[in-house]
>>> print(open('protein24.cif').read())   # mmCIF, C-alpha atoms and all ligand atoms
data_final
#
loop_
_atom_site.label_atom_id
_atom_site.label_comp_id
_atom_site.auth_asym_id
_atom_site.auth_seq_id
_atom_site.Cartn_x
_atom_site.Cartn_y
_atom_site.Cartn_z
CA VAL A 1 0.00 0.00 0.00
CA THR A 2 1.43 3.37 -1.02
CA GLY A 3 0.60 7.07 -1.39
CA GLY A 4 -0.09 8.43 2.10
CA ALA A 5 -1.84 5.30 3.32
CA ALA A 6 -1.30 3.66 6.70
CA GLU A 7 -1.70 -0.02 7.42
CA PHE A 8 -1.55 -2.51 10.26
CA THR A 9 -2.51 -6.12 10.98
CA LEU A 10 -5.23 -7.36 13.30
CA GLU A 11 -4.03 -10.76 14.55
CA LEU A 12 -6.83 -13.20 15.35
CA PRO A 13 -6.85 -16.63 17.01
CA GLY A 14 -5.99 -19.65 14.89
CA GLY A 15 -3.40 -17.83 12.79
CA ARG A 16 -6.05 -15.73 11.04
CA SER A 17 -5.55 -12.04 10.48
CA THR A 18 -7.03 -8.95 8.86
CA GLU A 19 -4.74 -6.52 7.02
CA ILE A 20 -6.19 -3.06 7.51
CA ALA A 21 -5.30 -0.10 5.30
CA VAL A 22 -6.56 3.49 5.39
CA GLY A 23 -5.76 6.24 2.91
CA PRO A 24 -6.73 8.15 -0.21
CA GLY A 25 -6.91 6.28 -3.52
CA LEU A 26 -6.28 2.82 -2.01
CA LEU A 27 -8.72 0.97 -4.23
CA ALA A 28 -6.88 1.89 -7.41
CA GLY A 29 -3.83 0.06 -6.09
CA ALA A 30 -5.70 -3.08 -5.00
CA ALA A 31 -5.17 -5.09 -8.20
CA PRO A 32 -2.54 -7.44 -6.75
CA TRP A 33 -5.20 -9.09 -4.58
CA PRO A 34 -7.35 -11.29 -6.80
CA VAL A 35 -11.11 -10.96 -6.40
CA ALA A 36 -13.50 -13.29 -8.24
CA ALA A 37 -16.73 -11.38 -7.56
CA THR A 38 -17.74 -8.05 -6.02
CA VAL A 39 -20.91 -7.54 -4.01
CA ALA A 40 -21.75 -3.84 -4.18
CA ASP A 41 -24.32 -1.33 -2.99
CA ARG A 42 -25.84 -0.30 -6.31
CA ALA A 43 -25.86 3.44 -5.56
CA VAL A 44 -22.21 3.50 -4.47
CA TRP A 45 -21.28 1.34 -7.44
CA GLU A 46 -22.69 3.90 -9.84
CA LEU A 47 -20.64 6.66 -8.19
CA HIS A 48 -17.39 4.87 -7.47
CA GLY A 49 -17.37 1.37 -9.03
CA ALA A 50 -14.86 2.47 -11.66
CA ARG A 51 -12.27 2.98 -8.92
CA LEU A 52 -12.04 -0.76 -8.34
CA PRO A 53 -9.43 -2.73 -10.28
CA GLN A 54 -10.71 -3.95 -13.65
CA THR A 55 -10.28 -7.60 -12.63
CA TRP A 56 -12.60 -7.09 -9.64
CA ARG A 57 -15.35 -5.84 -11.94
CA ARG A 58 -15.84 -8.98 -14.03
CA VAL A 59 -18.59 -10.35 -11.79
CA VAL A 60 -20.56 -7.65 -9.97
CA LEU A 61 -23.52 -8.51 -7.78
CA PRO A 62 -25.53 -5.32 -7.07
CA LEU A 63 -27.45 -4.85 -3.84
CA ALA A 64 -30.34 -2.54 -2.98
CA PRO A 65 -28.88 0.50 -1.20
CA GLY A 66 -28.81 0.54 2.60
CA GLU A 67 -30.53 -1.69 5.13
CA GLY A 68 -32.85 -3.12 2.44
CA ALA A 69 -29.96 -5.37 1.38
CA LYS A 70 -29.88 -7.18 4.72
CA GLU A 71 -32.64 -9.62 3.92
CA TRP A 72 -32.65 -13.38 4.00
CA SER A 73 -33.99 -13.47 0.42
CA VAL A 74 -31.22 -11.14 -0.82
CA LEU A 75 -28.62 -13.36 0.82
CA GLY A 76 -30.13 -16.47 -0.82
CA GLU A 77 -30.09 -14.79 -4.21
CA LEU A 78 -26.47 -13.71 -3.71
CA LEU A 79 -25.40 -17.26 -2.88
CA GLU A 80 -27.15 -18.60 -5.99
CA ARG A 81 -25.39 -16.01 -8.12
CA LEU A 82 -21.99 -16.86 -6.65
CA CYS A 83 -22.68 -20.48 -7.54
CA ALA A 84 -23.80 -19.54 -11.06
CA ALA A 85 -20.62 -17.47 -11.49
CA GLY A 86 -18.62 -20.60 -10.65
CA LEU A 87 -16.84 -19.27 -7.56
CA GLU A 88 -14.57 -21.87 -5.98
CA ARG A 89 -13.25 -22.52 -2.48
CA GLY A 90 -9.97 -20.67 -3.04
CA ASP A 91 -11.63 -17.58 -4.55
CA CYS A 92 -12.03 -14.26 -2.82
CA LEU A 93 -15.10 -12.02 -2.67
CA ALA A 94 -15.07 -8.23 -2.27
CA ALA A 95 -17.85 -6.32 -0.53
CA PHE A 96 -18.17 -2.65 -1.52
CA GLY A 97 -20.53 -0.29 0.27
CA GLY A 98 -21.73 0.81 3.69
CA GLY A 99 -22.36 -1.36 6.72
CA ALA A 100 -25.31 -3.18 5.16
CA ALA A 101 -23.40 -4.25 2.03
CA LEU A 102 -20.48 -5.43 4.18
CA ASP A 103 -22.78 -7.32 6.54
CA VAL A 104 -24.58 -9.22 3.79
CA GLY A 105 -21.49 -9.63 1.59
CA GLY A 106 -19.48 -10.90 4.55
CA LEU A 107 -22.22 -13.36 5.49
CA ALA A 108 -22.37 -14.63 1.90
CA ALA A 109 -18.59 -15.19 2.11
CA ALA A 110 -19.05 -17.02 5.43
CA LEU A 111 -21.68 -19.38 4.01
CA TYR A 112 -20.65 -20.00 0.41
CA LEU A 113 -18.79 -23.33 0.26
CA ARG A 114 -18.66 -23.08 4.09
CA GLY A 115 -16.47 -20.01 3.86
CA VAL A 116 -14.42 -18.16 1.27
CA ALA A 117 -12.07 -15.23 1.85
CA TRP A 118 -13.40 -11.69 1.52
CA ILE A 119 -12.11 -8.14 1.32
CA ALA A 120 -14.12 -5.36 2.97
CA CYS A 121 -14.17 -2.08 1.03
CA PRO A 122 -16.18 0.30 3.23
CA THR A 123 -17.54 3.39 1.50
CA THR A 124 -19.09 5.31 4.41
CA LEU A 125 -17.38 6.76 7.48
CA LEU A 126 -19.57 4.55 9.69
CA ALA A 127 -18.50 1.41 7.83
CA MET A 128 -14.83 2.48 7.82
CA VAL A 129 -14.64 2.97 11.58
CA ASP A 130 -16.99 0.18 12.60
CA ALA A 131 -18.65 -2.31 10.24
CA ALA A 132 -15.58 -3.28 8.23
CA VAL A 133 -13.59 -4.61 11.18
CA GLY A 134 -14.57 -7.24 13.69
CA GLY A 135 -15.86 -10.15 11.64
CA LYS A 136 -19.52 -9.93 12.65
CA THR A 137 -21.70 -10.42 9.58
CA ALA A 138 -25.49 -10.62 9.57
CA VAL A 139 -28.87 -10.19 7.95
CA ASN A 140 -32.09 -9.12 9.67
CA LEU A 141 -35.26 -11.08 10.38
CA PRO A 142 -38.56 -9.16 10.38
CA GLY A 143 -38.39 -6.88 13.43
CA ALA A 144 -35.10 -8.42 14.58
CA LYS A 145 -31.94 -6.63 13.47
CA ASN A 146 -28.79 -8.71 12.88
CA GLN A 147 -30.59 -11.80 14.18
CA VAL A 148 -28.89 -14.26 11.82
CA GLY A 149 -25.20 -14.16 11.08
CA ALA A 150 -21.71 -15.52 11.53
CA PHE A 151 -18.29 -14.42 12.66
CA HIS A 152 -16.19 -14.33 9.50
CA ALA A 153 -13.38 -11.80 9.55
CA PRO A 154 -12.31 -10.28 6.23
CA THR A 155 -8.75 -10.95 5.15
CA ARG A 156 -8.35 -7.28 4.23
CA VAL A 157 -10.02 -3.95 4.91
CA LEU A 158 -9.39 -1.18 2.39
CA ALA A 159 -10.72 2.13 3.67
CA ASP A 160 -10.27 4.48 0.72
CA THR A 161 -10.87 7.92 2.20
CA GLU A 162 -11.40 9.55 -1.22
CA LEU A 163 -14.85 7.93 -1.28
CA LEU A 164 -15.96 10.13 1.60
CA ALA A 165 -16.03 13.19 -0.68
CA THR A 166 -19.48 12.23 -1.98
CA LEU A 167 -20.93 10.92 1.29
CA PRO A 168 -24.23 12.67 2.12
CA GLU A 169 -23.88 15.15 5.01
CA ALA A 170 -26.23 13.17 7.28
CA GLU A 171 -24.15 10.02 6.79
CA LEU A 172 -20.94 11.87 7.58
CA ARG A 173 -22.42 13.03 10.89
CA SER A 174 -23.73 9.54 11.60
CA GLY A 175 -20.20 8.20 11.15
CA LEU A 176 -18.89 10.89 13.49
CA GLY A 177 -21.26 9.57 16.20
CA GLU A 178 -19.49 6.23 16.06
CA VAL A 179 -16.13 8.06 16.01
CA LEU A 180 -17.10 9.91 19.21
CA LYS A 181 -18.02 6.60 20.87
CA THR A 182 -14.67 5.14 19.84
CA ALA A 183 -12.83 8.18 21.22
CA LEU A 184 -14.46 7.62 24.61
CA ILE A 185 -13.21 4.03 24.53
CA ALA A 186 -9.75 4.97 23.22
CA GLY A 187 -9.17 7.74 25.76
CA GLU A 188 -7.52 11.13 25.99
CA GLU A 189 -5.48 11.25 22.79
CA LEU A 190 -8.32 10.60 20.34
CA LEU A 191 -10.79 12.66 22.34
CA ALA A 192 -8.41 15.66 22.27
CA ARG A 193 -7.86 15.15 18.53
CA LEU A 194 -11.62 15.23 17.93
CA GLU A 195 -11.97 18.45 19.92
CA ARG A 196 -9.14 20.02 17.95
CA ASP A 197 -10.13 18.74 14.50
CA ALA A 198 -13.95 18.75 14.66
CA ALA A 199 -14.35 21.55 12.11
CA ALA A 200 -11.79 20.01 9.73
CA LEU A 201 -13.58 16.64 10.01
CA LEU A 202 -16.88 18.26 9.09
CA ARG A 203 -15.11 19.88 6.11
CA ARG A 204 -13.83 16.35 5.23
CA GLU A 205 -10.21 17.45 5.18
CA ALA A 206 -8.10 14.42 4.34
CA ALA A 207 -5.42 15.42 6.86
CA ALA A 208 -8.02 15.24 9.64
CA LEU A 209 -10.07 12.25 8.48
CA GLY A 210 -7.22 9.81 7.78
CA PRO A 211 -5.63 9.81 11.26
CA VAL A 212 -9.02 9.72 13.01
CA ILE A 213 -10.23 6.73 10.97
CA LEU A 214 -6.91 4.98 11.58
CA ALA A 215 -7.11 5.62 15.34
CA CYS A 216 -10.70 4.30 15.44
CA LEU A 217 -9.72 1.17 13.51
CA ARG A 218 -6.74 0.57 15.82
CA THR A 219 -8.95 0.97 18.88
CA LYS A 220 -11.59 -1.43 17.60
CA ALA A 221 -8.99 -3.91 16.36
CA ALA A 222 -7.29 -3.98 19.79
CA VAL A 223 -10.58 -4.84 21.48
CA VAL A 224 -11.52 -7.47 18.88
CA ALA A 225 -8.05 -9.07 19.06
CA GLU A 226 -8.64 -9.69 22.78
CA ASP A 227 -12.19 -11.03 22.53
CA GLU A 228 -13.30 -11.74 18.96
CA ARG A 229 -16.45 -13.69 19.90
CA GLU A 230 -17.66 -11.22 22.53
CA GLY A 231 -17.25 -13.51 25.50
CA GLY A 232 -16.71 -10.42 27.64
CA ARG A 233 -14.71 -7.27 27.01
CA ARG A 234 -15.73 -6.78 23.37
CA ALA A 235 -19.06 -5.63 24.83
CA ILE A 236 -17.44 -2.23 25.53
CA LEU A 237 -17.79 -1.49 21.80
CA ASN A 238 -21.52 -1.27 22.53
CA LEU A 239 -21.02 1.91 24.55
CA GLY A 240 -23.99 4.17 23.77
CA HIS A 241 -25.62 1.40 21.73
CA THR A 242 -28.06 -0.05 24.27
CA PHE A 243 -29.74 3.36 24.42
CA GLY A 244 -28.97 4.05 20.76
CA HIS A 245 -30.71 0.88 19.57
CA ALA A 246 -33.73 1.65 21.76
CA ILE A 247 -33.90 5.15 20.24
CA GLU A 248 -33.70 3.74 16.71
CA ALA A 249 -36.37 1.12 17.46
CA VAL A 250 -38.80 3.63 18.96
CA ALA A 251 -38.22 6.25 16.23
CA GLY A 252 -38.78 3.59 13.56
CA PRO A 253 -36.32 2.08 11.08
CA GLY A 254 -34.31 4.66 9.15
CA THR A 255 -35.77 7.67 10.99
CA ILE A 256 -32.71 8.57 13.04
CA PRO A 257 -29.26 7.73 11.58
CA HIS A 258 -27.43 5.09 13.62
CA GLY A 259 -24.51 7.25 14.72
CA VAL A 260 -26.82 10.11 15.69
CA ALA A 261 -28.77 7.71 17.95
CA VAL A 262 -25.46 6.46 19.36
CA ALA A 263 -24.36 10.04 20.14
CA ALA A 264 -27.55 10.63 22.14
CA GLY A 265 -27.03 7.15 23.66
CA LEU A 266 -23.57 8.25 24.82
CA GLY A 267 -25.21 11.18 26.57
CA CYS A 268 -27.56 8.72 28.32
CA ALA A 269 -24.67 6.43 29.30
CA LEU A 270 -22.70 9.35 30.73
CA GLU A 271 -25.71 10.63 32.67
CA LEU A 272 -26.37 7.16 34.06
CA ALA A 273 -22.70 6.71 34.98
CA GLU A 274 -22.87 10.04 36.82
CA ARG A 275 -26.12 9.14 38.65
CA THR A 276 -24.81 5.75 39.72
CA GLU A 277 -21.49 7.31 40.76
CA LEU A 278 -19.52 5.05 38.47
CA LEU A 279 -18.13 8.07 36.61
CA GLU A 280 -14.87 9.02 38.28
CA GLU A 281 -13.83 11.65 35.71
CA ARG A 282 -16.56 14.13 36.59
CA PRO A 283 -15.95 16.70 33.81
CA LEU A 284 -16.20 13.99 31.14
CA ARG A 285 -19.96 14.33 30.64
CA ALA A 286 -19.77 18.04 29.84
CA ARG A 287 -16.65 17.52 27.74
CA VAL A 288 -18.29 14.87 25.56
CA ALA A 289 -21.39 17.05 25.23
CA ARG A 290 -19.20 19.93 23.97
CA THR A 291 -17.42 17.63 21.52
CA ALA A 292 -20.76 16.29 20.27
CA ALA A 293 -21.87 19.88 19.66
CA LEU A 294 -18.65 20.60 17.73
CA LEU A 295 -19.42 17.56 15.56
CA GLN A 296 -23.04 18.73 15.10
CA LEU A 297 -24.36 15.73 17.01
CA PRO A 298 -26.98 15.61 19.78
CA ALA A 299 -25.45 15.33 23.25
CA SER A 300 -28.57 14.10 25.01
CA LEU A 301 -31.94 12.45 24.54
CA ASP A 302 -33.70 15.77 25.04
CA GLU A 303 -31.60 17.45 22.40
CA LEU A 304 -32.35 14.59 20.00
CA ARG A 305 -36.08 14.91 20.79
CA ARG A 306 -35.90 18.63 19.96
CA THR A 307 -33.83 18.34 16.80
CA SER A 308 -35.39 15.20 15.29
CA GLY A 309 -39.02 15.99 16.06
CA CYS A 310 -39.40 12.41 17.36
CA LEU A 311 -41.22 12.16 20.69
CA LEU A 312 -39.20 9.18 21.95
CA PRO A 313 -41.44 8.61 25.00
CA ALA A 314 -39.66 7.20 28.05
CA PRO A 315 -42.01 4.17 28.50
CA ALA A 316 -41.49 3.10 24.88
CA LEU A 317 -37.71 3.48 25.24
CA ARG A 318 -37.81 1.44 28.46
CA ARG A 319 -39.74 -1.37 26.71
CA ALA A 320 -37.28 -1.27 23.81
CA LEU A 321 -34.38 -1.73 26.26
CA ASP A 322 -36.01 -5.00 27.35
CA ARG A 323 -35.86 -6.24 23.79
CA ASP A 324 -32.12 -5.59 23.52
CA LYS A 325 -30.28 -8.70 22.27
CA LYS A 326 -27.65 -8.27 24.98
CA ARG A 327 -30.01 -8.19 27.96
CA ALA A 328 -29.73 -10.78 30.73
CA GLY A 329 -33.26 -12.00 31.48
CA SER A 330 -35.47 -8.94 31.44
CA ARG A 331 -32.74 -6.60 32.69
CA PRO A 332 -30.68 -4.58 30.27
CA ARG A 333 -26.94 -4.97 30.72
CA LEU A 334 -25.24 -1.64 30.31
CA VAL A 335 -21.89 -0.38 29.17
CA LEU A 336 -20.88 2.72 31.10
CA PRO A 337 -17.77 4.88 31.29
CA ARG A 338 -15.67 5.21 34.46
CA ARG A 339 -13.35 7.67 32.72
CA ALA A 340 -12.18 8.29 29.12
CA GLY A 341 -10.43 5.08 28.09
CA GLU A 342 -11.90 3.07 30.99
CA ILE A 343 -15.24 1.48 30.19
CA GLU A 344 -17.23 -1.07 32.25
CA PHE A 345 -19.64 -3.61 30.77
CA GLY A 346 -22.36 -6.03 31.89
CA LEU A 347 -23.70 -3.59 34.48
CA ALA A 348 -27.18 -3.84 35.98
CA VAL A 349 -28.51 -0.55 37.36
CA ASP A 350 -31.45 0.50 39.51
CA GLU A 351 -34.70 0.86 37.64
CA ALA A 352 -35.19 4.35 39.11
CA ASP A 353 -31.86 5.56 37.70
CA LEU A 354 -32.66 4.08 34.30
CA LEU A 355 -36.08 5.72 34.19
CA ALA A 356 -34.63 9.07 35.27
CA VAL A 357 -32.23 9.02 32.32
CA LEU A 358 -35.01 8.19 29.86
CA ALA A 359 -37.42 10.82 31.24
N1 LIG B 401 -18.54 -6.27 11.34
C1 LIG B 401 -18.65 -5.43 12.45
C2 LIG B 401 -18.16 -6.01 13.70
O1 LIG B 401 -17.73 -7.12 13.75
O2 LIG B 401 -18.24 -5.35 14.72
#
>>> encode(input="protein24.cif", output="C-alpha cells")
Amino acid sequence: VTGGAAEFTLELPGGRSTEIAVGPGLLAGAAPWPVAATVADRAVWELHGARLPQTWRRVVLPLAPGEGAKEWSVLGELLERLCAAGLERGDCLAAFGGGAALDVGGLAAALYLRGVAWIACPTTLLAMVDAAVGGKTAVNLPGAKNQVGAFHAPTRVLADTELLATLPEAELRSGLGEVLKTALIAGEELLARLERDAAALLRREAAALGPVILACLRTKAAVVAEDEREGGRRAILNLGHTFGHAIEAVAGPGTIPHGVAVAAGLGCALELAERTELLEERPLRARVARTAALLQLPASLDELRRTSGCLLPAPALRRALDRDKKRAGSRPRLVLPRRAGEIEFGLAVDEADLLAVLA
C-alpha cells in the first residue's frame, strides 16, 4: 500500500488475520489481490465502481442500497449467483458499500462453500470505523436486526478515504457519532484530537479524516483481538448502543441515523454513569457534550427529541431496552464509562436511575 496510506494487521486466534489499510486512492492500487466477484451497494457502485481494479469488476452482484440489502432473500439470491458465477473454495469475494453491504457480503462469504475469503471495502465513514472490522456479519429477520449471522473476519479492509467526498452530510455526521463513541473508549489522545479537528472533520479534510479513521480502527482492532467472539470485554464497543438501539427502534427504522442515535445514547450512558457514581472523571460528561456539539451531534436524549421531532417517549424506550439482544433476562446490561479510556460492561442498574435518564 502506497501514497499516504497507513496499514496494520489485526491478529486473530488460529493464525487468522485482517490486514487493515486506510488512505486516499487505495482501491486503485488493490489489483494485486485477486477478487473473483464483487458484491456492491448499487448506488455507491454507480458513483465509485470504476475505482475498483478492472479484474474485480468482471462479476458484480448489485445490492439494494442501505438496510434493504440485509434480507434473507437477498442473501439467498447472492449465494445462488456466486454459484452460477462458478466461484470456488480458493476464490475471494469483495464487498463494496456501507455497513449493510459489508454485513450481507461478509455473510455470503461465510456461508458460500462453508467459507471463502473476503475483502471489505467500506464506503461510508460509519463502515470504515466500525462495520468493516470485527468479523460480525449478519442479515435481519422481520423486526429483529442482525438476528442471523456468523463471525467471518475479512482478510483485508481497504478504507479508501477519497470515497468520503461524496458521502451525504447526514451520513458523515452519523459516522462521526461512532467516532465519538470510539474516542471515549480509546481515551484522551483521540478525544483531544476530535476536539481540535472537529471543524476540519466536518469539512472532510483528508489530513483530519485519515488519522481519526486509523485511530478508530486501531482501537476497535485492539478490542476485537482480545475477545473476537464477545465472551466479555468486546461488549465495551456497545457503549452508547443499548440506548442508541432503543432510540432507533422507537423512532422507527431509518428515521434517526445510527450514529446520531449512538451520540444521544452516549449522553444517556454518561448521565447514568454520573447518577450511579460510576463516573470518576466528573468533567467527562460536559466535555463529551461539547465535543458532540462541535461535531453537530446531539449530546442528550432531550436534544435529540428537539432536533429530530421524534417524541421518543420514556415508557417506549424502556420497553425497547427490554428487547435488547444483549439483555440478561429482562434486565438490560449496560456499558458505562468510568473515565475516558476506561469502560465497564455487563452492568445492571437500579430501575429508578434508568427511568430518570429516559425521562
Ligand atoms: N462487522 C462489524 C463487527 O464485527 O463489529
>>> atom_distance(input="protein24.cif", atom1="CA of Ala215 in chain A", atom2="CA of Ala186 in chain A")
8.3 Å
>>> residues_around(input="protein24.cif", residues="Ala340 in chain A", least_positions_apart="4", cutoff="10 Å", atoms="only C-alpha atoms", output="list in words")
Ala183, Leu184, Ile185, Ala186, Gly187, Glu188, Glu189, Leu190, Leu191, Leu279, Glu280, Glu281, Leu284, Arg285 and Val288 of chain A
>>> residues_near_ligand(input="protein24.cif", ligand="ligand LIG 401 (chain B)", cutoff="10 Å", atoms="all atoms listed in the file", output="ChimeraX atom specification")
/A:99-100,102-103,106-107,120,127-138,150-154,220-221,224,228-230,234,237-238
>>> write_last_selection(input="protein24.cif", atoms="C-alpha atoms", output="tab-separated table (two decimals), in the coordinates of the input")
chain	number	residue	atom	x	y	z
A	99	GLY	CA	-22.36	-1.36	6.72
A	100	ALA	CA	-25.31	-3.18	5.16
A	102	LEU	CA	-20.48	-5.43	4.18
A	103	ASP	CA	-22.78	-7.32	6.54
A	106	GLY	CA	-19.48	-10.90	4.55
A	107	LEU	CA	-22.22	-13.36	5.49
A	120	ALA	CA	-14.12	-5.36	2.97
A	127	ALA	CA	-18.50	1.41	7.83
A	128	MET	CA	-14.83	2.48	7.82
A	129	VAL	CA	-14.64	2.97	11.58
A	130	ASP	CA	-16.99	0.18	12.60
A	131	ALA	CA	-18.65	-2.31	10.24
A	132	ALA	CA	-15.58	-3.28	8.23
A	133	VAL	CA	-13.59	-4.61	11.18
A	134	GLY	CA	-14.57	-7.24	13.69
A	135	GLY	CA	-15.86	-10.15	11.64
A	136	LYS	CA	-19.52	-9.93	12.65
A	137	THR	CA	-21.70	-10.42	9.58
A	138	ALA	CA	-25.49	-10.62	9.57
A	150	ALA	CA	-21.71	-15.52	11.53
A	151	PHE	CA	-18.29	-14.42	12.66
A	152	HIS	CA	-16.19	-14.33	9.50
A	153	ALA	CA	-13.38	-11.80	9.55
A	154	PRO	CA	-12.31	-10.28	6.23
A	220	LYS	CA	-11.59	-1.43	17.60
A	221	ALA	CA	-8.99	-3.91	16.36
A	224	VAL	CA	-11.52	-7.47	18.88
A	228	GLU	CA	-13.30	-11.74	18.96
A	229	ARG	CA	-16.45	-13.69	19.90
A	230	GLU	CA	-17.66	-11.22	22.53
A	234	ARG	CA	-15.73	-6.78	23.37
A	237	LEU	CA	-17.79	-1.49	21.80
A	238	ASN	CA	-21.52	-1.27	22.53
>>> residues_around(input="protein24.cif", residues="Glu178 in chain A", least_positions_apart="6", cutoff="7 Å", atoms="only C-alpha atoms", output="PDB file with C-alpha atoms, in the frame of the given file")
ATOM      1  CA  LEU A 126     -19.570   4.550   9.690  1.00  0.00           C
ATOM      2  CA  GLY A 259     -24.510   7.250  14.720  1.00  0.00           C
ATOM      3  CA  VAL A 262     -25.460   6.460  19.360  1.00  0.00           C
TER       4      VAL A 262
END
>>> residues_near_point(input="protein24.cif", point="(-20.0, -13.5, 2.3)", cutoff="9 Å", atoms="only C-alpha atoms", output="PDB file with C-alpha atoms, keeping the file's coordinate frame")
ATOM      1  CA  VAL A  39     -20.910  -7.540  -4.010  1.00  0.00           C
ATOM      2  CA  LEU A  75     -28.620 -13.360   0.820  1.00  0.00           C
ATOM      3  CA  LEU A  78     -26.470 -13.710  -3.710  1.00  0.00           C
ATOM      4  CA  LEU A  79     -25.400 -17.260  -2.880  1.00  0.00           C
ATOM      5  CA  LEU A  93     -15.100 -12.020  -2.670  1.00  0.00           C
ATOM      6  CA  ALA A  94     -15.070  -8.230  -2.270  1.00  0.00           C
ATOM      7  CA  ALA A  95     -17.850  -6.320  -0.530  1.00  0.00           C
ATOM      8  CA  LEU A 102     -20.480  -5.430   4.180  1.00  0.00           C
ATOM      9  CA  ASP A 103     -22.780  -7.320   6.540  1.00  0.00           C
ATOM     10  CA  VAL A 104     -24.580  -9.220   3.790  1.00  0.00           C
ATOM     11  CA  GLY A 105     -21.490  -9.630   1.590  1.00  0.00           C
ATOM     12  CA  GLY A 106     -19.480 -10.900   4.550  1.00  0.00           C
ATOM     13  CA  LEU A 107     -22.220 -13.360   5.490  1.00  0.00           C
ATOM     14  CA  ALA A 108     -22.370 -14.630   1.900  1.00  0.00           C
ATOM     15  CA  ALA A 109     -18.590 -15.190   2.110  1.00  0.00           C
ATOM     16  CA  ALA A 110     -19.050 -17.020   5.430  1.00  0.00           C
ATOM     17  CA  LEU A 111     -21.680 -19.380   4.010  1.00  0.00           C
ATOM     18  CA  TYR A 112     -20.650 -20.000   0.410  1.00  0.00           C
ATOM     19  CA  GLY A 115     -16.470 -20.010   3.860  1.00  0.00           C
ATOM     20  CA  VAL A 116     -14.420 -18.160   1.270  1.00  0.00           C
ATOM     21  CA  ALA A 117     -12.070 -15.230   1.850  1.00  0.00           C
ATOM     22  CA  TRP A 118     -13.400 -11.690   1.520  1.00  0.00           C
ATOM     23  CA  THR A 137     -21.700 -10.420   9.580  1.00  0.00           C
ATOM     24  CA  HIS A 152     -16.190 -14.330   9.500  1.00  0.00           C
TER      25      HIS A 152
END
>>> build_atoms(input="protein24.cif", residues="range 186-191 of chain A", atoms="all heavy atoms", output="compact mmCIF listing (two decimals), keeping the file's coordinate frame")
# COMPACT_ATOMS: atom_id res chain seq x y z
N ALA A 186 -11.21 4.87 23.44
CA ALA A 186 -9.75 4.97 23.22
C ALA A 186 -9.07 5.81 24.30
O ALA A 186 -7.98 5.50 24.74
CB ALA A 186 -9.49 5.59 21.85
N GLY A 187 -9.73 6.91 24.69
CA GLY A 187 -9.17 7.74 25.76
C GLY A 187 -8.69 9.10 25.27
O GLY A 187 -9.04 9.55 24.18
N GLU A 188 -7.87 9.71 26.10
CA GLU A 188 -7.52 11.13 25.99
C GLU A 188 -7.04 11.56 24.59
O GLU A 188 -7.49 12.55 24.04
CB GLU A 188 -6.46 11.45 27.06
CG GLU A 188 -6.00 12.89 27.07
CD GLU A 188 -7.14 13.88 27.24
OE1 GLU A 188 -8.12 13.57 27.95
OE2 GLU A 188 -7.05 14.98 26.64
N GLU A 189 -6.12 10.79 24.02
CA GLU A 189 -5.48 11.25 22.79
C GLU A 189 -6.48 11.46 21.65
O GLU A 189 -6.49 12.51 20.99
CB GLU A 189 -4.41 10.23 22.38
CG GLU A 189 -3.41 10.79 21.40
CD GLU A 189 -2.35 9.77 21.02
OE1 GLU A 189 -1.95 8.96 21.89
OE2 GLU A 189 -1.97 9.78 19.84
N LEU A 190 -7.35 10.47 21.45
CA LEU A 190 -8.32 10.60 20.34
C LEU A 190 -9.39 11.63 20.67
O LEU A 190 -9.83 12.38 19.79
CB LEU A 190 -8.93 9.22 20.01
CG LEU A 190 -9.87 9.16 18.80
CD1 LEU A 190 -9.25 9.78 17.55
CD2 LEU A 190 -10.30 7.73 18.50
N LEU A 191 -9.78 11.67 21.94
CA LEU A 191 -10.79 12.66 22.34
C LEU A 191 -10.26 14.08 22.09
O LEU A 191 -10.96 14.94 21.53
CB LEU A 191 -11.10 12.46 23.84
CG LEU A 191 -12.47 12.86 24.35
CD1 LEU A 191 -13.60 12.37 23.47
CD2 LEU A 191 -12.66 12.33 25.78
